[in-house]
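**Student:** The structure that follows is given in the form of C-alpha cells.
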Amino acid sequence: MEFGSCKKKFDEPPAFIPANISANSSIKALKALHSMGGLEQINNDLIISGYVVGDDRSGNLYKQICIQDSTGGITVNLGGSNLYVDYPVGRQVFIKCKGLYLSDYNRLIQIGMIDNSIPSSPSLSAIPTTLFDSFVVKGSLGNTIIPKLVSVNQLNDSLQSMLIQIKDSVQFVDTDTALTYADVSASKSSVNRTISDCSGNKLVVYTSGYANFAGVKTPTGKGLITALYFVYKTTPELILRDTADARLIHQRCAANKITIASLRTLYSGSDVLLGALSVSGIVISNSSNLAAGNIIIQDGNSGIDLYFGSTATTAKFNPGDSLSIDLTGGVLTNYKGMLEANLPTTALPVKAIATGRVITPKTITIAELLNNISTLENTLLQINNATASSTSGTSFSGYKTLADATGNTTLYSSATASFAGSTLPTVCENWVGYANLFTTVQFQIRNTNDVTAGTGCIINKSFNAAYTFSGVTTTSGATDPTKAAIAEGVVFGSFIAVGVGSNSSASGRFSFTSWPLGATNGSNSFTGTLSASQYYEITITPGAGYQLDLNSLSFTFQRSATGVRQWAVRSSIDNFANNLTASISPANSAVLSNTNNTFQIADRATITAQSGCNIAFGSNHNNLTNPVKLRFYGFNAESTSGTFSLNTVNIIGNTH
C-alpha cells in the first residue's frame with residue numbers, strides 16, 4: 001500500500017502597504033499650542049508623524065505610548081492594554097490631531113481626548129479603543145531609534161517623552177544599589193531610585209510596581225543608561241522600558257569613600273558641591289533635641305551635621321546606629337558658623353549598617369571646648385563638674401549658661417525636646433553631649449541621662465565688690481580701714497595712697513593732696529603728666545583653686561576747687577604701662593573720657609561728687625590665677641593742696 005504525502009498550503013501574510021498619509025506639522029509645533037496647566041482642543045487638520053520609542057510591553061507605561069520625531073517627543077494616551085501589539089517600539093505612526101486635546105499631567109505634556117464628567121473641571125482622558133484607527137494611523141515597523149545623547153545637567157522640557165541616553169557613565173547611588181526597582185508587595189507601589197554620574201549629578205529613575213521587572217534588583221556597577229525622559233512637577237525622571245536599558249556593568253566610580261575628617265577639610269570658606277562620595281559614621285544625636293531633618297554622626301575624632309530637609313524622617317536613627325551616607329550632589333556649607341553637609345531630599349541616601357555601636361565621649365573643660373571648637377564640633381564630649389544656670393526659669397528649655405572652673409558656654413535645649421520641661425539641676429554635674437558653633441559656641445545634651453553627679457565642683461560666682469570708704473577719717477592714715485568686700489574665691493585688699501598726703505582730707509572718702517601739677521584755673525591746656533610714683537592702689541587676689549575674671553569697674557570722683565583735672569586707671573597685668581579703657585556712663589557733662597583713656601573734668605569750680613567714670617578690663621583680665629593690682633593716678637592739679645577723691649568704687653567680675 002502506498003501512502004501519499006499530505007501537503008498543506010499556507011497563505012503568506014500580506015505585504016505592508018504604507019498608509020497614504022503624511023505629516024503637515026511637527027511634534028514641537030504641536031506642543032507649542034499648549035500652555036502649562038491648560039486644556040486645548042486642536043481644531044486644525046494637523047497631522048504629526050513619529051516613531052514609537054516607548055510602549056507598554058514591560059508594564060512600566062500604562063495606557064500610553066511615547067512617540068518622537070526629529071523635533072521632540074509626546075506621550076499619547078490610548079485607552080487600551082497590550083498596546084505594544086499594534087504600536088511596538090520602532091513603529092512609525094501618524095496622529096490625526098483634529099478633535100484631540102493637549103494637556104499636561106504635572107508638567108508632562110500629553111495628547112488625548114477630553115473627560116467632561118465634571119463639567120466644571122474637564123480633564124484629559126485616553127483615546128478609546130474604538131477610535132484608535134480614527135486618530136492613529138499605523139506606519140512602517142522595525143525602524144531603528146537612536147536615543148539622543150545628553151548629560152544629566154542638560155536635561156530640559158524640550159526632551160519630554162523622548163528616548164535619551166545619558167552620555168556619561170552613571171550608577172545607582174550606594175543606598176539604591178542591589179534593591180528591587182519597585183515595590184513587589186501586594187500594594188505594588190512605584191519607587192524612585194537615584195542614579196548619579198561620577199561628578200555627583202543626580203537623577204531619579206521611576207519604576208511602576210506593575211512593571212514586569214519591578215522585582216529585579218538594581219545593578220551595582222556603572223555604565224550607560226537609556227530611558228524615556230519624563231518630568232513630574234519639577235523632578236526630572238527616567239522611565240526604563242526594560243532592564244536592558246540599564247547596562248551598568250563596569251566598575252563603579254572610584255574613590256567614593258571618604259572619612260569625616262577628610263570631608264571637613266574640603267571646606268575652605270565657600271560652599272563645596274560634593275561629587276560621588278560617601279561617608280560612614282555612628283549617630284551621636286537624638287532627634288528629641290535636634291531640629292527636624294538633621295542627624296549628627298561621628299567617625300574617630302571627627303563629627304559632622306547632616307541635613308536632609310525639614311521633612312526628612314531622620315527620627316528613626318538613634319544614638320549608636322552605624323550608617324553609610326551617600327553624599328553625591330550634596331553641598332558642604334557653613335550654617336551660622338557650623339560646618340554642615342546639606343544633602344538632596346529626593347530620597348534619604350542613608351543605609352543602616354549596624355546598631356548599638358558605642359562612641360566614648362572625650363572629657364574636656366569648657367576652656368578647651370571654646371579654644372578648639374573647630375575640631376571638637378559635633379563630636380561626643382563630656383564636661384565634668386559643671387553647673388547650669390539661667391536668669392529665666394528653671395527648666396532645661398532654651399538658652400542657659402554652663403560653667404566649670406575654666407569658663408562658661410551656652411547650654412541649649414530645644415523647647416520641643418522631650419526633657420524641655422524638666423527641672424534644670426542646681427548642683428554641680430557631669431554633662432555628656434555635643435557642641436557646635438551657632439554664632440557662639442553652644443553645648444547640647446541628648447536626654448537627661450547625659451547628666452550625672454559631679455564631684456569637686458567650683459561654681460562660677462559673680463561679684464560686685466563695693467568700696468565705700470565709710471571708715472576713712474582725717475587721721476586714719478594712708479590705708480583705708482574700712483572692712484573689705486567679701487566674695488567667693490577672691491580676696492579684696494584695702495586701698496592705699498602712695499606718694500601723696502599722709503591722711504585723707506575728708507572723712508567717708510579716700511581724698512589726698514600733693515598730686516602732680518600742670519593745670520591752670522580757667523584753661524584747658526595742661527602741662528603736667530602722670531607720675532608713676534603717685535597713685536591709689538588695691539590688690540585683688542584669686543582664692544586657692546579659683547580663677548578670676550575682672551569685667552568692669554566704676555567709681556565716683558570728687559575734687560577740691562584746685563584739685564586734679566585729669567586721672568587714669570592702670571593694671572599690673574601689663575606692669576602699669578597703659579591706661580585701661582575709659583568711658584563715661586551715664587553721660588555726665590562735667591566729666592570727659594579722652595582718646596588716650598584718661599578722664600578729665602571741665603574747667604569750672606566743680607567740687608561736688610561726679611559719677612559715671614567706667615573702666616572695661618578686657619580679655620587679658622580673665623582666668624587670672626595670680627594677684628592683680630589696680631592703680632588710680634591723679635595729675636594736672638592746679639595746686640599741691642588740691643585733692644583727688646574716690647568716694648565709691650565698684651568692681652564687677654566673677655570667680656570659677
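Simple scheme: letters A, B, ... for chains in C-alpha cells order, numbers from 1 for residues in each chain, numbers from 1 for ligands in the order shown.
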For segment 546-561 of chain A, work out the shell of residues within 6 Å, counting only C-alpha atoms and skipping chain neighbours fewer than 2 positions away, then give it as a PyMOL selection string.

**Tutor:** chain A and resi 489+542-544+563+605+607-611+613-617+621-625+642-656

**Student:** Once you count only C-alpha atoms, what closest atom pair and distance in Å to one decimal does each residue of segment 591-648 of chain A within 8 Å of segment 519-538 of chain A have, with rows by chain and rising residue number, as JSON lines?

**Tutor:**
```
{"residue": "A:Ala602", "atom": "CA", "partner": "A:Asn524", "partner_atom": "CA", "distance": 7.7}
{"residue": "A:Asp603", "atom": "CA", "partner": "A:Gly522", "partner_atom": "CA", "distance": 5.9}
{"residue": "A:Arg604", "atom": "CA", "partner": "A:Gly522", "partner_atom": "CA", "distance": 7.3}
{"residue": "A:Lys629", "atom": "CA", "partner": "A:Ile538", "partner_atom": "CA", "distance": 5.7}
{"residue": "A:Leu630", "atom": "CA", "partner": "A:Ile538", "partner_atom": "CA", "distance": 5.5}
{"residue": "A:Arg631", "atom": "CA", "partner": "A:Glu537", "partner_atom": "CA", "distance": 4.4}
{"residue": "A:Phe632", "atom": "CA", "partner": "A:Tyr536", "partner_atom": "CA", "distance": 5.0}
{"residue": "A:Tyr633", "atom": "CA", "partner": "A:Tyr535", "partner_atom": "CA", "distance": 4.6}
{"residue": "A:Gly634", "atom": "CA", "partner": "A:Tyr535", "partner_atom": "CA", "distance": 6.7}
{"residue": "A:Phe635", "atom": "CA", "partner": "A:Leu530", "partner_atom": "CA", "distance": 5.5}
{"residue": "A:Asn636", "atom": "CA", "partner": "A:Ala519", "partner_atom": "CA", "distance": 5.0}
{"residue": "A:Ala637", "atom": "CA", "partner": "A:Ala519", "partner_atom": "CA", "distance": 5.6}
{"residue": "A:Glu638", "atom": "CA", "partner": "A:Ala519", "partner_atom": "CA", "distance": 4.8}
```

**Student:** How would the residues just chosen look if you wrote them out with N, CA, C and O atoms as an mmCIF file, in the first residue's frame?

**Tutor:**
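Below you can see again-v1.cif, which holds the result:
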```
data_model
loop_
_atom_site.group_PDB
_atom_site.id
_atom_site.type_symbol
_atom_site.label_atom_id
_atom_site.label_comp_id
_atom_site.auth_asym_id
_atom_site.auth_seq_id
_atom_site.Cartn_x
_atom_site.Cartn_y
_atom_site.Cartn_z
ATOM 1 N N ALA A 602 35.829 119.309 83.466
ATOM 2 C CA ALA A 602 35.778 120.603 82.785
ATOM 3 C C ALA A 602 36.335 121.703 83.688
ATOM 4 O O ALA A 602 36.385 121.586 84.909
ATOM 5 N N ASP A 603 36.754 122.804 83.085
ATOM 6 C CA ASP A 603 37.348 123.921 83.836
ATOM 7 C C ASP A 603 36.241 124.737 84.485
ATOM 8 O O ASP A 603 35.724 125.684 83.927
ATOM 9 N N ARG A 604 35.876 124.351 85.638
ATOM 10 C CA ARG A 604 34.866 125.069 86.387
ATOM 11 C C ARG A 604 35.085 124.745 87.867
ATOM 12 O O ARG A 604 35.797 123.782 88.184
ATOM 13 N N LYS A 629 47.021 94.047 90.628
ATOM 14 C CA LYS A 629 46.945 95.347 91.292
ATOM 15 C C LYS A 629 46.352 96.369 90.343
ATOM 16 O O LYS A 629 46.645 96.371 89.141
ATOM 17 N N LEU A 630 45.515 97.253 90.895
ATOM 18 C CA LEU A 630 44.929 98.359 90.136
ATOM 19 C C LEU A 630 45.397 99.665 90.762
ATOM 20 O O LEU A 630 45.394 99.805 91.991
ATOM 21 N N ARG A 631 45.805 100.611 89.910
ATOM 22 C CA ARG A 631 46.277 101.901 90.401
ATOM 23 C C ARG A 631 45.486 103.034 89.757
ATOM 24 O O ARG A 631 45.225 103.011 88.543
ATOM 25 N N PHE A 632 45.118 104.023 90.598
ATOM 26 C CA PHE A 632 44.387 105.215 90.166
ATOM 27 C C PHE A 632 45.373 106.393 90.241
ATOM 28 O O PHE A 632 45.847 106.733 91.331
ATOM 29 N N TYR A 633 45.675 107.011 89.107
ATOM 30 C CA TYR A 633 46.642 108.099 89.042
ATOM 31 C C TYR A 633 45.920 109.431 88.857
ATOM 32 O O TYR A 633 45.149 109.594 87.892
ATOM 33 N N GLY A 634 46.151 110.396 89.753
ATOM 34 C CA GLY A 634 45.654 111.742 89.562
ATOM 35 C C GLY A 634 46.792 112.650 89.130
ATOM 36 O O GLY A 634 47.933 112.511 89.597
ATOM 37 N N PHE A 635 46.526 113.620 88.254
ATOM 38 C CA PHE A 635 47.583 114.533 87.801
ATOM 39 C C PHE A 635 46.950 115.780 87.207
ATOM 40 O O PHE A 635 45.728 115.879 87.056
ATOM 41 N N ASN A 636 47.837 116.727 86.858
ATOM 42 C CA ASN A 636 47.416 118.051 86.387
ATOM 43 C C ASN A 636 46.497 118.713 87.408
ATOM 44 O O ASN A 636 45.393 119.171 87.099
ATOM 45 N N ALA A 637 47.006 118.767 88.656
ATOM 46 C CA ALA A 637 46.312 119.534 89.697
ATOM 47 C C ALA A 637 46.632 121.018 89.530
ATOM 48 O O ALA A 637 47.633 121.398 88.918
ATOM 49 N N GLU A 638 45.783 121.861 90.079
ATOM 50 C CA GLU A 638 46.010 123.303 89.991
ATOM 51 C C GLU A 638 46.871 123.815 91.148
ATOM 52 O O GLU A 638 47.463 124.890 91.063
#
```

**Student:** Figure out the distance between atom CA of Gly508 of chain A and atom CA of Arg565 of chain A, please, to one decimal in Å.

**Tutor:**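 Interatomic distance here is 21.5 Å.
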
**Student:** For the atom pair atom CA of Ala352 of chain A and atom CA of Asp176 of chain A, what is the interatomic distance in Å to one decimal place?

**Tutor:**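 Atom CA of Ala352 of chain A sits 12.3 Å away from atom CA of Asp176 of chain A.
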
**Student:** Within segment 251-419 of chain A, find each residue whose DSSP state, derived from the backbone, is strand (DSSP E or B), and express the selection as an MDAnalysis selection string.

**Tutor:** chainID A and resid 257:258 272:273 278:283 294:299 302:307 322:326 331:335 338:342 350:354 362:364 380:389 395 398:404 407:413

**Student:** Go ahead and compute the interatomic distance for atom CA of Gly112 of chain A and atom CA of Leu100 of chain A, in Å to one decimal.

**Tutor:**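 Here the two named atoms are 5.6 Å from each other.
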
**Student:** For a quick check of understanding, using only C-alpha atoms, which of A:Ser641, A:Ala244, A:Val205, A:Ala178 has the smallest distance to Thr220 of chain A?

**Tutor:**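 Among A:Ser641, A:Ala244, A:Val205, A:Ala178, it is A:Ala178 that comes nearest to Thr220 of chain A.
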
**Student:** Please, which residues of segment 132-241 of chain A, numbered as in this document, come out alpha helix (DSSP H) from DSSP, as a list in words?

**Tutor:**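 The residues of segment 132-241 of chain A classed as alpha helix (DSSP H) are Phe132, Asp133, Ser134 and Phe135 of chain A.
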
**Student:** Restrict the selected residues to all heavy atoms and save them as an mmCIF file, in the first residue's frame.

**Tutor:**
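The resulting again_21.cif:
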```cif
data_model
loop_
_atom_site.group_PDB
_atom_site.id
_atom_site.type_symbol
_atom_site.label_atom_id
_atom_site.label_comp_id
_atom_site.auth_asym_id
_atom_site.auth_seq_id
_atom_site.Cartn_x
_atom_site.Cartn_y
_atom_site.Cartn_z
ATOM 1 N N PHE A 132 -9.251 54.329 17.952
ATOM 2 C CA PHE A 132 -7.814 54.289 17.646
ATOM 3 C C PHE A 132 -7.561 54.588 16.167
ATOM 4 O O PHE A 132 -6.756 55.448 15.809
ATOM 5 C CB PHE A 132 -7.231 52.913 17.992
ATOM 6 C CG PHE A 132 -6.928 52.715 19.456
ATOM 7 C CD1 PHE A 132 -7.303 53.663 20.403
ATOM 8 C CD2 PHE A 132 -6.267 51.571 19.884
ATOM 9 C CE1 PHE A 132 -7.031 53.458 21.750
ATOM 10 C CE2 PHE A 132 -5.989 51.367 21.222
ATOM 11 C CZ PHE A 132 -6.377 52.311 22.168
ATOM 12 N N ASP A 133 -8.271 53.831 15.295
ATOM 13 C CA ASP A 133 -7.986 53.960 13.860
ATOM 14 C C ASP A 133 -8.428 55.301 13.303
ATOM 15 O O ASP A 133 -8.000 55.695 12.213
ATOM 16 C CB ASP A 133 -8.649 52.821 13.080
ATOM 17 C CG ASP A 133 -8.013 51.465 13.386
ATOM 18 O OD1 ASP A 133 -6.863 51.464 13.888
ATOM 19 O OD2 ASP A 133 -8.672 50.434 13.157
ATOM 20 N N SER A 134 -9.298 55.989 14.032
ATOM 21 C CA SER A 134 -9.736 57.306 13.553
ATOM 22 C C SER A 134 -8.661 58.365 13.764
ATOM 23 O O SER A 134 -8.629 59.381 13.047
ATOM 24 C CB SER A 134 -11.021 57.728 14.284
ATOM 25 O OG SER A 134 -12.064 56.825 14.031
ATOM 26 N N PHE A 135 -7.825 58.125 14.757
ATOM 27 C CA PHE A 135 -6.818 59.137 15.081
ATOM 28 C C PHE A 135 -5.378 58.655 14.895
ATOM 29 O O PHE A 135 -4.484 59.466 14.659
ATOM 30 C CB PHE A 135 -6.994 59.599 16.537
ATOM 31 C CG PHE A 135 -8.260 60.354 16.788
ATOM 32 C CD1 PHE A 135 -9.351 59.746 17.401
ATOM 33 C CD2 PHE A 135 -8.385 61.682 16.394
ATOM 34 C CE1 PHE A 135 -10.526 60.453 17.641
ATOM 35 C CE2 PHE A 135 -9.549 62.392 16.628
ATOM 36 C CZ PHE A 135 -10.632 61.782 17.247
#
```

**Student:** So, with only C-alpha atoms as the atoms that count, which of A:Tyr181, A:Phe317, A:Phe396, A:Phe94 lies closest to Thr218 of chain A?

**Tutor:** A:Tyr181

**Student:** List as a tab-separated table every residue of segment 123-179 of chain A that is in contact with segment 229-240 of chain A, defined as an atom at most 9 Å from one of its atoms (using only C-alpha atoms), together with the nearest atom pair and the distance in Å rounded to one decimal, sorted by chain and then rising number.

**Tutor:**
```
residue	atom	partner	partner_atom	distance
A:Leu155	CA	A:Pro236	CA	7.7
A:Asn156	CA	A:Pro236	CA	8.2
A:Asp157	CA	A:Val231	CA	7.6
A:Leu159	CA	A:Tyr229	CA	6.5
A:Gln160	CA	A:Phe230	CA	5.4
A:Ser161	CA	A:Tyr229	CA	5.3
A:Met162	CA	A:Tyr229	CA	5.7
A:Leu163	CA	A:Tyr229	CA	6.5
A:Ile164	CA	A:Tyr229	CA	6.7
```

**Student:** Write out as a PyMOL selection string which residues come within 10 Å of segment 67-73 of chain A when counting only C-alpha atoms, dropping same-chain ones fewer than 4 positions away.

**Tutor:** chain A and resi 26-31+48-55+87+89-95+109-110+145+157-163+228-229

**Student:** Pick out the residues sitting within 10 Å of segment 358-366 of chain A, and hand them over as JSON, numbers by chain; count only C-alpha atoms, and ignore anything fewer than 3 positions along from it in its own chain.

**Tutor:** {"A": [282, 283, 284, 298, 299, 300, 301, 319, 320, 321, 322, 355, 369, 370, 371, 372, 376, 379, 380, 381, 382, 383, 384, 385, 386, 402, 403, 404, 405, 406, 407, 408, 409, 430, 431, 432, 433, 434, 443]}

**Student:** For the selection you just gave me, I'd like the residues written to a file as a compact mmCIF listing (two decimals), in the first residue's frame, keeping N, CA and C atoms.

**Tutor:**
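Written file, result-v1.txt:
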```txt
# COMPACT_ATOMS: atom_id res chain seq x y z
N ILE A 282 28.88 56.93 63.16
CA ILE A 282 27.94 56.47 64.18
C ILE A 282 27.13 57.65 64.67
N VAL A 283 25.83 57.49 64.75
CA VAL A 283 24.94 58.56 65.19
C VAL A 283 25.22 58.87 66.67
N ILE A 284 25.42 60.16 66.97
CA ILE A 284 25.59 60.57 68.37
C ILE A 284 24.46 61.50 68.81
N GLN A 298 29.57 60.61 63.95
CA GLN A 298 30.98 60.74 64.32
C GLN A 298 31.74 59.52 63.85
N ASP A 299 32.96 59.77 63.37
CA ASP A 299 33.87 58.70 62.95
C ASP A 299 35.23 59.05 63.52
N GLY A 300 35.76 58.21 64.43
CA GLY A 300 37.01 58.55 65.08
C GLY A 300 36.85 59.79 65.93
N ASN A 301 37.71 60.78 65.70
CA ASN A 301 37.66 62.03 66.48
C ASN A 301 36.96 63.15 65.74
N PRO A 319 21.08 57.16 68.64
CA PRO A 319 22.49 57.08 69.03
C PRO A 319 22.98 55.64 69.02
N GLY A 320 24.14 55.42 68.40
CA GLY A 320 24.70 54.08 68.30
C GLY A 320 24.46 53.41 66.97
N ASP A 321 23.58 53.98 66.12
CA ASP A 321 23.36 53.42 64.79
C ASP A 321 24.56 53.75 63.90
N SER A 322 25.08 52.74 63.22
CA SER A 322 26.17 52.93 62.28
C SER A 322 25.58 53.06 60.88
N THR A 355 23.64 48.51 64.63
CA THR A 355 23.11 49.28 65.75
C THR A 355 23.93 48.97 67.00
N LEU A 369 36.99 73.46 75.14
CA LEU A 369 35.93 73.49 74.14
C LEU A 369 35.94 74.80 73.36
N LEU A 370 36.01 75.91 74.07
CA LEU A 370 35.97 77.22 73.41
C LEU A 370 37.19 77.43 72.53
N ASN A 371 38.33 76.93 72.95
CA ASN A 371 39.56 77.14 72.20
C ASN A 371 39.72 76.18 71.03
N ASN A 372 38.94 75.09 71.01
CA ASN A 372 39.14 74.06 69.98
C ASN A 372 37.83 73.65 69.32
N LEU A 376 36.46 70.03 67.71
CA LEU A 376 35.58 69.29 68.62
C LEU A 376 34.12 69.34 68.19
N THR A 379 31.21 66.35 67.97
CA THR A 379 31.73 65.08 68.48
C THR A 379 31.20 64.91 69.90
N LEU A 380 31.18 63.67 70.37
CA LEU A 380 30.63 63.40 71.69
C LEU A 380 31.64 63.81 72.76
N LEU A 381 31.21 64.66 73.69
CA LEU A 381 32.09 65.26 74.69
C LEU A 381 31.52 65.05 76.09
N GLN A 382 32.40 65.14 77.07
CA GLN A 382 31.97 65.12 78.47
C GLN A 382 32.66 66.26 79.21
N ILE A 383 31.85 67.09 79.85
CA ILE A 383 32.35 68.19 80.66
C ILE A 383 32.02 67.86 82.11
N ASN A 384 33.04 67.71 82.92
CA ASN A 384 32.85 67.32 84.31
C ASN A 384 32.77 68.52 85.23
N ASN A 385 32.05 68.33 86.33
CA ASN A 385 31.99 69.32 87.40
C ASN A 385 31.58 70.70 86.89
N ALA A 386 30.46 70.74 86.21
CA ALA A 386 29.94 71.99 85.65
C ALA A 386 28.53 72.22 86.16
N LEU A 402 26.34 77.19 81.03
CA LEU A 402 27.02 76.04 81.63
C LEU A 402 28.43 76.46 81.97
N ALA A 403 28.82 76.31 83.24
CA ALA A 403 30.12 76.80 83.70
C ALA A 403 30.86 75.74 84.48
N ASP A 404 32.17 75.68 84.23
CA ASP A 404 33.04 74.89 85.09
C ASP A 404 34.15 75.80 85.61
N ALA A 405 35.19 75.24 86.18
CA ALA A 405 36.24 76.05 86.79
C ALA A 405 37.06 76.82 85.77
N THR A 406 36.90 76.50 84.47
CA THR A 406 37.73 77.14 83.44
C THR A 406 36.99 78.19 82.61
N GLY A 407 35.68 78.24 82.69
CA GLY A 407 34.94 79.19 81.88
C GLY A 407 33.49 78.80 81.76
N ASN A 408 32.78 79.45 80.83
CA ASN A 408 31.37 79.14 80.65
C ASN A 408 30.99 79.20 79.18
N THR A 409 29.94 78.49 78.84
CA THR A 409 29.43 78.48 77.47
C THR A 409 27.92 78.36 77.55
N ASN A 430 28.19 66.23 85.91
CA ASN A 430 28.95 65.87 84.72
C ASN A 430 27.98 65.84 83.54
N TRP A 431 28.39 66.41 82.41
CA TRP A 431 27.49 66.59 81.27
C TRP A 431 28.08 65.93 80.02
N VAL A 432 27.28 65.09 79.34
CA VAL A 432 27.66 64.47 78.08
C VAL A 432 26.79 65.06 76.97
N GLY A 433 27.40 65.36 75.85
CA GLY A 433 26.65 65.91 74.72
C GLY A 433 27.60 66.28 73.60
N TYR A 434 27.14 67.11 72.72
CA TYR A 434 27.97 67.58 71.61
C TYR A 434 27.84 69.09 71.52
N PHE A 443 26.43 74.03 73.74
CA PHE A 443 26.53 72.62 74.11
C PHE A 443 25.12 72.06 74.25
```
